[in-house]
$ cat query00.cif   # mmCIF, C-alpha atoms and all ligand atoms
data_final
loop_
_atom_site.label_atom_id
_atom_site.label_comp_id
_atom_site.auth_asym_id
_atom_site.auth_seq_id
_atom_site.Cartn_x
_atom_site.Cartn_y
_atom_site.Cartn_z
CA MET A 224 -19.82 23.07 2.19
CA LYS A 225 -19.52 19.40 1.33
CA THR A 226 -16.27 17.65 2.24
CA ILE A 227 -14.75 15.82 -0.71
CA TYR A 228 -12.19 13.26 0.37
CA LEU A 229 -9.88 12.18 -2.45
CA ASP A 230 -6.99 10.82 -0.40
CA TYR A 231 -7.95 7.15 -0.02
CA GLY A 232 -4.34 6.22 -0.79
CA ALA A 233 -3.38 7.77 2.56
CA THR A 234 -6.14 6.10 4.55
CA SER A 235 -9.84 5.27 4.41
CA PRO A 236 -12.76 5.42 6.84
CA VAL A 237 -13.72 2.23 8.70
CA ARG A 238 -16.65 0.72 6.86
CA GLU A 239 -19.94 0.24 8.70
CA GLU A 240 -19.87 -3.58 8.64
CA ALA A 241 -16.35 -3.65 10.11
CA LEU A 242 -17.15 -1.12 12.85
CA HIS A 243 -20.31 -3.00 13.76
CA ALA A 244 -18.46 -6.33 13.98
CA MET A 245 -15.71 -4.78 16.14
CA MET A 246 -17.93 -3.24 18.81
CA PRO A 247 -18.64 -6.30 21.03
CA TYR A 248 -14.93 -6.99 21.39
CA PHE A 249 -14.22 -3.77 23.31
CA GLN A 250 -16.52 -4.28 26.29
CA LEU A 251 -18.43 -7.58 26.15
CA GLU A 252 -16.06 -10.06 24.54
CA TYR A 253 -12.90 -8.63 26.02
CA GLY A 254 -11.22 -11.92 26.98
CA ASN A 255 -7.58 -12.53 26.25
CA PRO A 256 -7.50 -14.93 23.29
CA GLY A 257 -4.73 -16.79 25.09
CA SER A 258 -6.94 -17.58 28.11
CA ILE A 259 -8.39 -21.07 28.40
CA HIS A 260 -11.79 -20.02 29.77
CA ASP A 261 -14.77 -19.38 27.51
CA LEU A 262 -14.39 -15.60 27.47
CA GLY A 263 -10.86 -16.00 26.15
CA GLN A 264 -11.87 -18.69 23.68
CA GLN A 265 -14.59 -16.45 22.21
CA SER A 266 -11.93 -13.85 21.37
CA GLY A 267 -9.74 -16.64 20.05
CA ASP A 268 -12.54 -17.87 17.79
CA ALA A 269 -13.15 -14.36 16.44
CA ILE A 270 -9.45 -14.02 15.63
CA GLN A 271 -9.48 -17.39 13.92
CA ARG A 272 -12.44 -16.32 11.75
CA ALA A 273 -10.53 -13.18 10.72
CA ARG A 274 -7.45 -15.27 9.96
CA VAL A 275 -9.55 -17.48 7.66
CA GLN A 276 -11.13 -14.43 5.98
CA ILE A 277 -7.72 -12.93 5.22
CA ALA A 278 -6.17 -16.23 4.15
CA GLN A 279 -9.04 -16.82 1.70
CA ALA A 280 -8.92 -13.25 0.40
CA ILE A 281 -5.30 -13.71 -0.71
CA GLY A 282 -5.58 -17.35 -1.76
CA ALA A 283 -3.36 -18.73 1.02
CA THR A 284 -3.61 -22.49 1.53
CA SER A 285 -3.90 -22.29 5.32
CA PRO A 286 -4.95 -19.64 7.88
CA ARG A 287 -1.74 -20.57 9.76
CA GLU A 288 0.13 -18.66 7.07
CA ILE A 289 -1.33 -15.36 8.36
CA ILE A 290 0.55 -13.60 11.20
CA PHE A 291 -1.07 -10.47 12.64
CA THR A 292 1.13 -7.40 13.12
CA SER A 293 0.47 -3.85 14.30
CA SER A 294 0.56 -2.37 10.77
CA GLY A 295 1.70 -2.65 7.19
CA THR A 296 4.94 -1.03 8.31
CA GLU A 297 5.55 -3.74 10.89
CA ALA A 298 4.70 -6.51 8.40
CA ASN A 299 7.33 -5.08 6.02
CA ASN A 300 9.96 -4.82 8.77
CA LEU A 301 9.21 -8.33 10.02
CA ALA A 302 9.45 -9.83 6.52
CA ILE A 303 12.61 -7.99 5.49
CA ILE A 304 14.63 -7.82 8.71
CA GLY A 305 13.30 -11.16 10.02
CA GLY A 306 13.85 -12.84 6.63
CA ALA A 307 17.35 -11.46 6.13
CA ARG A 308 18.55 -12.32 9.65
CA LYS A 309 17.26 -15.89 9.33
CA ARG A 310 19.19 -16.32 6.09
CA LYS A 311 22.37 -14.49 7.00
CA HIS A 312 24.42 -17.71 6.97
CA HIS A 313 23.43 -18.26 3.33
CA GLY A 314 24.37 -14.78 2.08
CA SER A 315 24.10 -11.08 2.69
CA HIS A 316 22.63 -9.57 -0.48
CA ILE A 317 19.12 -8.10 -0.84
CA ILE A 318 17.38 -6.79 -3.96
CA THR A 319 14.68 -4.12 -3.79
CA SER A 320 13.54 -1.18 -5.92
CA SER A 321 14.17 2.53 -5.64
CA ILE A 322 10.42 3.32 -5.45
CA GLU A 323 9.42 1.29 -2.39
CA HIS A 324 7.43 2.69 0.53
CA PRO A 325 9.68 4.05 3.32
CA ALA A 326 8.67 1.02 5.45
CA VAL A 327 10.68 -1.11 2.98
CA LEU A 328 13.42 1.36 2.03
CA GLU A 329 14.27 2.25 5.63
CA ALA A 330 14.25 -1.41 6.71
CA CYS A 331 16.75 -2.10 3.89
CA ARG A 332 18.92 0.86 4.89
CA TYR A 333 18.89 -0.41 8.46
CA LEU A 334 20.09 -3.82 7.23
CA GLU A 335 22.92 -2.12 5.31
CA ARG A 336 24.13 -0.76 8.64
CA GLU A 337 23.99 -4.35 9.97
CA GLY A 338 26.35 -5.44 7.19
CA PHE A 339 23.97 -6.55 4.43
CA GLN A 340 24.38 -5.29 0.85
CA VAL A 341 21.30 -3.89 -0.89
CA THR A 342 20.70 -3.33 -4.61
CA TYR A 343 18.07 -0.64 -5.31
CA LEU A 344 16.78 -1.38 -8.82
CA PRO A 345 15.88 1.48 -11.17
CA VAL A 346 12.44 1.87 -12.78
CA ASP A 347 11.36 3.06 -16.24
CA SER A 348 9.53 6.35 -16.87
CA TYR A 349 6.22 4.67 -15.94
CA GLY A 350 7.61 3.52 -12.60
CA ARG A 351 7.92 -0.13 -13.65
CA ILE A 352 10.62 -2.53 -12.51
CA GLN A 353 12.11 -4.68 -15.29
CA VAL A 354 12.20 -8.41 -14.59
CA LYS A 355 15.53 -8.67 -16.42
CA ASP A 356 17.03 -6.14 -14.00
CA VAL A 357 16.02 -8.41 -11.13
CA ALA A 358 17.59 -11.39 -12.94
CA ASN A 359 20.81 -9.47 -13.59
CA ALA A 360 21.10 -8.30 -9.99
CA ILE A 361 21.01 -11.82 -8.51
CA THR A 362 24.34 -13.12 -7.18
CA GLU A 363 25.23 -16.28 -5.27
CA LYS A 364 24.93 -14.16 -2.11
CA THR A 365 21.32 -13.03 -2.75
CA ILE A 366 18.95 -14.12 0.04
CA LEU A 367 15.93 -11.84 -0.37
CA VAL A 368 14.04 -9.94 -3.08
CA THR A 369 11.45 -7.39 -1.94
CA ILE A 370 9.40 -5.57 -4.60
CA MET A 371 6.10 -3.78 -3.96
CA ALA A 372 2.96 -5.02 -5.75
CA ALA A 373 1.60 -1.52 -6.47
CA ASN A 374 3.14 1.86 -5.81
CA ASN A 375 1.38 4.09 -3.31
CA GLU A 376 2.29 7.38 -5.02
CA VAL A 377 1.89 6.79 -8.75
CA GLY A 378 -0.20 3.60 -8.66
CA THR A 379 1.97 1.57 -11.06
CA ILE A 380 1.50 -2.20 -10.71
CA GLN A 381 4.67 -4.28 -10.79
CA PRO A 382 5.28 -7.61 -12.60
CA ILE A 383 5.19 -9.65 -9.38
CA THR A 384 4.05 -12.90 -11.05
CA GLU A 385 6.94 -12.72 -13.52
CA ILE A 386 9.46 -12.06 -10.74
CA GLY A 387 7.89 -14.94 -8.79
CA GLN A 388 8.47 -17.23 -11.77
CA LEU A 389 12.07 -16.08 -12.03
CA LEU A 390 12.69 -16.94 -8.37
CA GLN A 391 10.55 -20.11 -8.35
CA ASP A 392 13.29 -22.73 -8.18
CA SER A 393 15.74 -20.72 -6.10
CA SER A 394 16.16 -20.53 -2.34
CA ILE A 395 15.85 -16.73 -2.46
CA LEU A 396 12.99 -15.38 -0.32
CA PHE A 397 10.49 -13.28 -2.26
CA HIS A 398 8.53 -10.61 -0.39
CA THR A 399 6.01 -8.11 -1.73
CA ASP A 400 4.50 -5.08 -0.01
CA ALA A 401 0.88 -5.46 -1.13
CA VAL A 402 -0.62 -2.83 1.21
CA GLN A 403 -2.02 -0.78 -1.70
CA TYR A 404 -2.79 -3.81 -3.86
CA ILE A 405 -4.98 -6.13 -1.78
CA GLY A 406 -8.64 -5.23 -2.16
CA LYS A 407 -7.97 -3.23 -5.34
CA VAL A 408 -6.62 -5.88 -7.71
CA PRO A 409 -7.63 -9.57 -7.62
CA CYS A 410 -4.68 -11.58 -6.39
CA SER A 411 -3.58 -14.89 -5.01
CA VAL A 412 -0.27 -15.64 -3.34
CA GLU A 413 -0.02 -18.80 -5.47
CA ASP A 414 -0.25 -16.87 -8.74
CA LEU A 415 2.14 -14.22 -7.48
CA GLY A 416 4.64 -16.85 -6.35
CA VAL A 417 5.61 -14.93 -3.22
CA ASP A 418 6.92 -16.35 0.08
CA LEU A 419 6.01 -13.29 2.13
CA LEU A 420 3.31 -10.65 1.54
CA SER A 421 2.43 -7.60 3.64
CA ILE A 422 -1.16 -6.42 4.10
CA GLY A 423 -2.54 -3.39 5.89
CA SER A 424 -6.05 -2.75 7.14
CA HIS A 425 -6.64 0.99 7.05
CA LYS A 426 -6.30 1.44 3.27
CA LEU A 427 -9.13 -1.05 2.68
CA TYR A 428 -11.75 0.34 5.08
CA GLY A 429 -10.52 -1.49 8.18
CA PRO A 430 -9.21 0.15 11.36
CA LYS A 431 -5.74 1.68 11.71
CA GLY A 432 -2.96 0.01 13.66
CA ILE A 433 -3.42 -3.53 12.36
CA GLY A 434 -1.84 -5.49 9.53
CA ALA A 435 -0.71 -8.97 8.63
CA LEU A 436 2.19 -10.82 7.10
CA TYR A 437 1.54 -13.86 4.93
CA ILE A 438 4.32 -16.40 5.47
CA ARG A 439 4.26 -19.36 3.10
CA LYS A 440 4.24 -22.74 4.85
CA GLY A 441 7.83 -23.89 5.43
CA VAL A 442 9.36 -20.39 5.24
CA ARG A 443 11.24 -19.39 8.40
CA ILE A 444 11.95 -15.88 9.62
CA GLU A 445 13.40 -14.43 12.83
CA PRO A 446 10.95 -12.59 15.10
CA LEU A 447 11.61 -8.93 15.87
CA PHE A 448 9.87 -9.10 19.26
CA HIS A 449 10.30 -11.67 22.01
CA GLY A 450 7.56 -12.42 24.49
CA GLY A 451 4.61 -14.64 25.27
CA GLY A 452 4.68 -16.90 22.26
CA GLN A 453 1.57 -15.67 20.41
CA GLU A 454 1.40 -15.99 16.62
CA ARG A 455 3.65 -19.06 16.71
CA GLU A 456 6.35 -16.96 18.43
CA ILE A 457 6.84 -15.00 15.21
CA ARG A 458 5.01 -11.98 16.62
CA PRO A 459 4.28 -12.23 20.35
CA SER A 460 1.95 -9.91 22.29
CA THR A 461 -1.74 -10.06 23.21
CA LEU A 462 -3.71 -9.84 20.00
CA ASN A 463 -5.83 -6.77 19.27
CA THR A 464 -9.14 -8.60 18.93
CA PRO A 465 -11.43 -5.70 17.85
CA ALA A 466 -8.96 -4.44 15.24
CA ILE A 467 -8.38 -7.95 13.89
CA VAL A 468 -12.14 -8.58 13.62
CA GLY A 469 -12.62 -5.30 11.70
CA PHE A 470 -9.61 -6.02 9.49
CA GLY A 471 -10.95 -9.50 8.64
CA ILE A 472 -14.42 -8.29 7.61
CA ALA A 473 -13.02 -5.30 5.69
CA THR A 474 -10.61 -7.51 3.75
CA GLU A 475 -13.26 -10.09 2.94
CA LEU A 476 -15.71 -7.45 1.69
CA ALA A 477 -13.10 -5.49 -0.28
CA VAL A 478 -12.12 -8.65 -2.14
CA GLN A 479 -15.76 -9.66 -2.72
CA GLU A 480 -16.50 -6.25 -4.25
CA ILE A 481 -13.27 -6.02 -6.21
CA LYS A 482 -14.57 -6.53 -9.72
CA GLN A 483 -17.48 -4.13 -9.54
CA GLU A 484 -15.59 -1.51 -7.55
CA SER A 485 -12.44 -1.58 -9.66
CA GLU A 486 -14.51 -1.13 -12.83
CA ARG A 487 -16.44 1.76 -11.28
CA LEU A 488 -13.29 3.49 -10.02
CA THR A 489 -11.37 2.97 -13.25
CA ALA A 490 -14.23 4.59 -15.18
CA LEU A 491 -14.39 7.52 -12.74
CA ARG A 492 -10.62 7.95 -12.87
CA GLU A 493 -10.63 7.95 -16.68
CA TYR A 494 -13.47 10.47 -16.67
CA ALA A 495 -11.52 12.73 -14.30
CA TRP A 496 -8.31 12.43 -16.30
CA SER A 497 -9.92 13.15 -19.67
CA ARG A 498 -11.72 16.24 -18.34
CA ILE A 499 -8.61 17.56 -16.55
CA HIS A 500 -6.50 16.93 -19.62
CA GLN A 501 -8.94 18.63 -21.99
CA GLU A 502 -10.34 21.44 -19.85
CA ILE A 503 -7.32 22.43 -17.74
CA GLY A 504 -4.39 21.25 -19.83
CA ASP A 505 -0.61 21.60 -19.40
CA VAL A 506 -0.66 18.49 -17.27
CA ASP A 507 1.13 15.13 -17.33
CA LEU A 508 -0.05 11.81 -15.97
CA ASN A 509 2.55 10.14 -13.72
CA GLY A 510 2.72 6.36 -13.64
CA HIS A 511 1.56 3.78 -16.15
CA PRO A 512 -1.57 4.80 -18.14
CA THR A 513 -3.27 1.39 -17.76
CA THR A 514 -1.20 -0.93 -15.53
CA ARG A 515 -2.09 1.09 -12.45
CA LEU A 516 -4.33 0.97 -9.39
CA PRO A 517 -7.94 1.68 -10.41
CA ASN A 518 -8.30 4.53 -7.91
CA ASN A 519 -5.01 6.39 -8.46
CA LEU A 520 -4.48 9.55 -10.51
CA ASN A 521 -1.08 11.20 -10.08
CA LEU A 522 -0.67 14.42 -12.05
CA SER A 523 1.98 17.08 -12.62
CA PHE A 524 0.58 20.50 -13.52
CA HIS A 525 3.18 22.54 -15.41
CA ARG A 526 4.46 25.68 -13.66
CA VAL A 527 2.55 25.04 -10.40
CA GLU A 528 3.63 23.29 -7.20
CA GLY A 529 1.47 20.35 -6.11
CA GLN A 530 1.64 21.60 -2.53
CA ALA A 531 0.10 24.95 -3.56
CA ILE A 532 -2.80 23.19 -5.30
CA LEU A 533 -3.34 20.97 -2.27
CA LEU A 534 -3.55 23.98 0.05
CA GLU A 535 -5.96 25.86 -2.23
CA LEU A 536 -8.24 22.82 -2.57
CA ASN A 537 -8.05 22.35 1.20
CA ARG A 538 -9.72 25.76 1.58
CA GLN A 539 -12.68 24.27 -0.31
CA GLN A 540 -12.66 21.14 1.90
CA ILE A 541 -11.38 19.07 -0.99
CA TYR A 542 -8.66 16.76 0.30
CA VAL A 543 -5.93 15.46 -1.98
CA SER A 544 -2.25 14.69 -1.50
CA SER A 545 1.00 15.90 -3.00
CA GLY A 546 3.37 12.99 -3.45
CA SER A 547 2.88 10.48 -0.65
CA ALA A 548 1.27 11.30 2.68
CA CYS A 549 4.36 10.01 4.45
CA SER A 550 6.62 12.60 2.84
CA ALA A 551 4.17 15.50 3.17
CA GLY A 552 5.52 18.14 5.50
CA LYS A 553 9.05 17.32 4.40
CA HIS A 554 9.97 19.49 1.45
CA ARG A 555 11.79 16.78 -0.44
CA PRO A 556 10.73 15.91 -3.97
CA SER A 557 9.16 12.46 -4.22
CA HIS A 558 11.82 9.71 -4.44
CA VAL A 559 9.41 7.81 -6.69
CA LEU A 560 9.11 10.56 -9.31
CA ARG A 561 12.88 11.19 -9.13
CA ALA A 562 13.50 7.47 -9.79
CA MET A 563 11.13 7.71 -12.79
CA GLY A 564 13.46 10.31 -14.27
CA ARG A 565 11.46 13.45 -13.45
CA SER A 566 13.36 16.60 -12.54
CA ASP A 567 13.06 18.04 -9.02
CA GLU A 568 10.84 20.74 -10.49
CA VAL A 569 8.39 18.32 -12.12
CA ALA A 570 8.42 16.13 -8.99
CA HIS A 571 7.37 19.15 -6.91
CA GLN A 572 4.48 19.75 -9.35
CA SER A 573 2.84 16.43 -8.58
CA MET A 574 -0.52 15.97 -6.96
CA ARG A 575 -2.16 12.66 -6.08
CA ILE A 576 -5.91 12.10 -6.27
CA THR A 577 -7.04 8.74 -4.90
CA LEU A 578 -10.68 7.73 -5.20
CA GLY A 579 -12.62 5.35 -2.96
CA LYS A 580 -15.85 3.66 -2.04
CA ASP A 581 -17.77 6.87 -1.37
CA THR A 582 -16.48 8.85 -4.37
CA THR A 583 -19.22 9.86 -6.82
CA GLN A 584 -19.14 11.52 -10.23
CA GLU A 585 -20.56 14.62 -8.57
CA ASP A 586 -17.50 14.73 -6.28
CA ILE A 587 -15.25 14.58 -9.33
CA ASP A 588 -17.22 17.35 -11.07
CA ILE A 589 -16.97 19.64 -8.03
CA MET A 590 -13.26 18.85 -7.62
CA ILE A 591 -12.56 19.68 -11.29
CA GLN A 592 -14.50 22.92 -11.11
CA HIS A 593 -12.37 24.09 -8.16
CA LEU A 594 -9.16 22.65 -9.59
CA SER A 595 -9.73 24.62 -12.76
CA GLN A 596 -10.20 27.88 -10.81
CA VAL A 597 -7.20 27.15 -8.59
CA LEU A 598 -4.94 26.55 -11.58
CA THR A 599 -6.11 29.64 -13.41
CA TYR A 600 -5.33 31.65 -10.28
CA LEU A 601 -1.98 30.02 -9.46
CA ARG A 602 -0.76 30.14 -13.06
CA SER A 603 -1.70 33.82 -13.33
CA LEU A 604 0.78 34.55 -10.51
CA PHE A 605 3.75 33.17 -12.45
CA ILE A 606 3.29 34.61 -15.94
C1 LIG A 701 0.37 2.73 3.82
C2 LIG A 701 1.44 1.85 3.29
C3 LIG A 701 2.32 1.17 4.15
C4 LIG A 701 2.30 1.36 5.64
O1 LIG A 701 1.18 0.79 6.22
P1 LIG A 701 0.76 1.24 7.73
O2 LIG A 701 -0.30 0.25 8.10
O3 LIG A 701 0.26 2.65 7.62
O4 LIG A 701 1.98 1.12 8.57
C5 LIG A 701 3.27 0.35 3.58
N1 LIG A 701 3.36 0.18 2.25
C6 LIG A 701 2.53 0.80 1.40
C7 LIG A 701 2.66 0.57 -0.07
C8 LIG A 701 1.55 1.67 1.88
O5 LIG A 701 0.74 2.30 1.04
#
$ encode --input "query00.cif" --output "structure tokens"
Amino acid sequence: MKTIYLDYGATSPVREEALHAMMPYFQLEYGNPGSIHDLGQQSGDAIQRARVQIAQAIGATSPREIIFTSSGTEANNLAIIGGARKRKHHGSHIITSSIEHPAVLEACRYLEREGFQVTYLPVDSYGRIQVKDVANAITEKTILVTIMAANNEVGTIQPITEIGQLLQDSSILFHTDAVQYIGKVPCSVEDLGVDLLSIGSHKLYGPKGIGALYIRKGVRIEPLFHGGGQEREIRPSTLNTPAIVGFGIATELAVQEIKQESERLTALREYAWSRIHQEIGDVDLNGHPTTRLPNNLNLSFHRVEGQAILLELNRQQIYVSSGSACSAGKHRPSHVLRAMGRSDEVAHQSMRITLGKDTTQEDIDIMIQHLSQVLTYLRSLFI
């Protein structure tokens, strides 16, 4: 039986070019990039190349604006907690949205316990934040706005450029969690108007356990760790050379391929949606119909739990997700779908299909064939 992986929103395999580039740095080029001798400098040079690749991929003006972290989660924590603490003498108010990834929401909740006030903005039924809601939430105490570029569950893309314009002439820090966005949608930090931007590696065919924070030149944040002074003292610890090398190549290639791949995935997604809608029926699309990630299809099948569909498809080695991977296992309805105004029942019905580099039309056809059988079966139980 062929495995059909349709959970690229949770993670992706390391692409061949990235794996190949990483290999020498485990056993041959193992020097500490902080060492002065040649072996250390070779690691240092490799890290610098990756820094340039990532800076160019996001349109940063200098590679110095890229700080490597252990993950997208750490980049979010560093931006939000580090940014808020640095600005605490200017104010104590933070604005975010109610549909952020837990790595943002929990960092904000943590700051509330430290005495900061946080506004969690609502979203419309498509999962979109309104720029006017951001404008109305700003007070003289506001020091930080953090809004994700694209939602990991429903795929909706947020008006980051417009929010960037709103904040342009203010001293308020603007951060975006772009972990799902980079490599899927063309972007530049200049166009977005952000001060801080989080990137992850493992959703764009790089290795797990590595990420980066873009910090605009002149923006200051407090470090979360204290140690040997690496990464301009913003994020000390010996750098993970192999992971950084793989992350750099994967990011560069994802951005190079963006146009072709986003068109291909959008067409495949539309094909899947129209067939599911017509042939299976009693199904709603969650998220915005067009302003969404090219590879994301989030569906609610009436009268059937998403979790039940996931488990039935799993028996056929077809791998999808219900809600977000991070909340799987917990039986809470998705906070994203709840914020979009869905009932608990409809939120429990959701299933996320995320396509990727290796997804073919044949994969989609096989998935739909099984999905159709699974739904006929599951719906027959509840009539
Ligand atoms: C996956 C993800 C993260 C967390 O990234 P890790 O590298 O797994 O820590 C943060 N934000 C979004 C939107 C994500 O999809």
$ residues_near_ligand --input "query00.cif" --ligand "ligand LIG 701 (chain A)" --cutoff "6 Å" --atoms "all atoms listed in the file" --output "ChimeraX atom specification"
/A:294-296,324,326,374-375,400,402-403,423
$ atom_distance --input "query00.cif" --atom1 "CA of Ile422 (chain A)" --atom2 "CA of Met245 (chain A)"
19.0 Å
$ closest_residue --input "query00.cif" --among "A:His593, A:Lys482, A:Arg310, A:Lys580" --to "Ile444 (chain A)" --atoms "only C-alpha atoms"
A:Arg310
$ atom_distance --input "query00.cif" --atom1 "CA of Gln276 (chain A)" --atom2 "CA of Tyr228 (chain A)"
28.3 Å
$ closest_residue --input "query00.cif" --among "A:Ala298, A:Val341, A:Val597, A:Ile380" --to "Gly314 (chain A)" --atoms "only C-alpha atoms"
A:Val341
$ residues_around --input "query00.cif" --residues "Met246 (chain A)" --least-positions-apart "5" --cutoff "12 Å" --atoms "all atoms listed in the file" --output "ChimeraX atom specification"
/A:239-241,251-253,430,464-469
$ residues_around --input "query00.cif" --residues "Ser321 (chain A)" --least-positions-apart "2" --cutoff "8 Å" --atoms "all atoms listed in the file" --output "number ranges by chain"
A: 319, 323, 328, 343-346, 558-559, 562
$ closest_residue --input "query00.cif" --among "A:Ser595, A:Gln340, A:Gln530, A:Asn521" --to "Lys311 (chain A)" --atoms "all atoms listed in the file"
A:Gln340
$ atom_distance --input "query00.cif" --atom1 "CA of Gly416 (chain A)" --atom2 "CA of Glu288 (chain A)"
14.3 Å
$ residues_around --input "query00.cif" --residues "His313 (chain A)" --least-positions-apart "2" --cutoff "12 Å" --atoms "only C-alpha atoms" --output "list in words"
Gly306, Ala307, Arg308, Lys309, Arg310, Lys311, Ser315, His316, Ile317, Phe339, Thr362, Glu363, Lys364, Thr365, Ile366, Leu367, Ser394, Ile395 and Leu396 of chain A
$ write_last_selection --input "query00.cif" --atoms "C-alpha atoms" --output "CSV table (one decimal), keeping the file's coordinate frame"
chain,number,residue,atom,x,y,z
A,306,GLY,CA,13.8,-12.8,6.6
A,307,ALA,CA,17.4,-11.5,6.1
A,308,ARG,CA,18.6,-12.3,9.6
A,309,LYS,CA,17.3,-15.9,9.3
A,310,ARG,CA,19.2,-16.3,6.1
A,311,LYS,CA,22.4,-14.5,7.0
A,315,SER,CA,24.1,-11.1,2.7
A,316,HIS,CA,22.6,-9.6,-0.5
A,317,ILE,CA,19.1,-8.1,-0.8
A,339,PHE,CA,24.0,-6.6,4.4
A,362,THR,CA,24.3,-13.1,-7.2
A,363,GLU,CA,25.2,-16.3,-5.3
A,364,LYS,CA,24.9,-14.2,-2.1
A,365,THR,CA,21.3,-13.0,-2.8
A,366,ILE,CA,19.0,-14.1,0.0
A,367,LEU,CA,15.9,-11.8,-0.4
A,394,SER,CA,16.2,-20.5,-2.3
A,395,ILE,CA,15.8,-16.7,-2.5
A,396,LEU,CA,13.0,-15.4,-0.3
$ closest_residue --input "query00.cif" --among "A:Val412, A:Ile541, A:Gly263, A:Thr384" --to "Ser285 (chain A)" --atoms "only C-alpha atoms"
A:Val412
$ closest_residue --input "query00.cif" --among "A:Ile361, A:Thr474, A:Asp418, A:Leu491" --to "Gly387 (chain A)" --atoms "all atoms listed in the file"
A:Asp418
$ closest_residue --input "query00.cif" --among "A:Gln596, A:Ser557, A:Asn519, A:Ser573" --to "Thr489 (chain A)" --atoms "only C-alpha atoms"
A:Asn519
$ residues_around --input "query00.cif" --residues "His511 (chain A)" --least-positions-apart "6" --cutoff "10 Å" --atoms "all atoms listed in the file" --output "list in words"
Asp347, Ser348, Tyr349, Gly350, Arg351, Val377, Gly378, Thr379, Ile380 and Asn521 of chain A
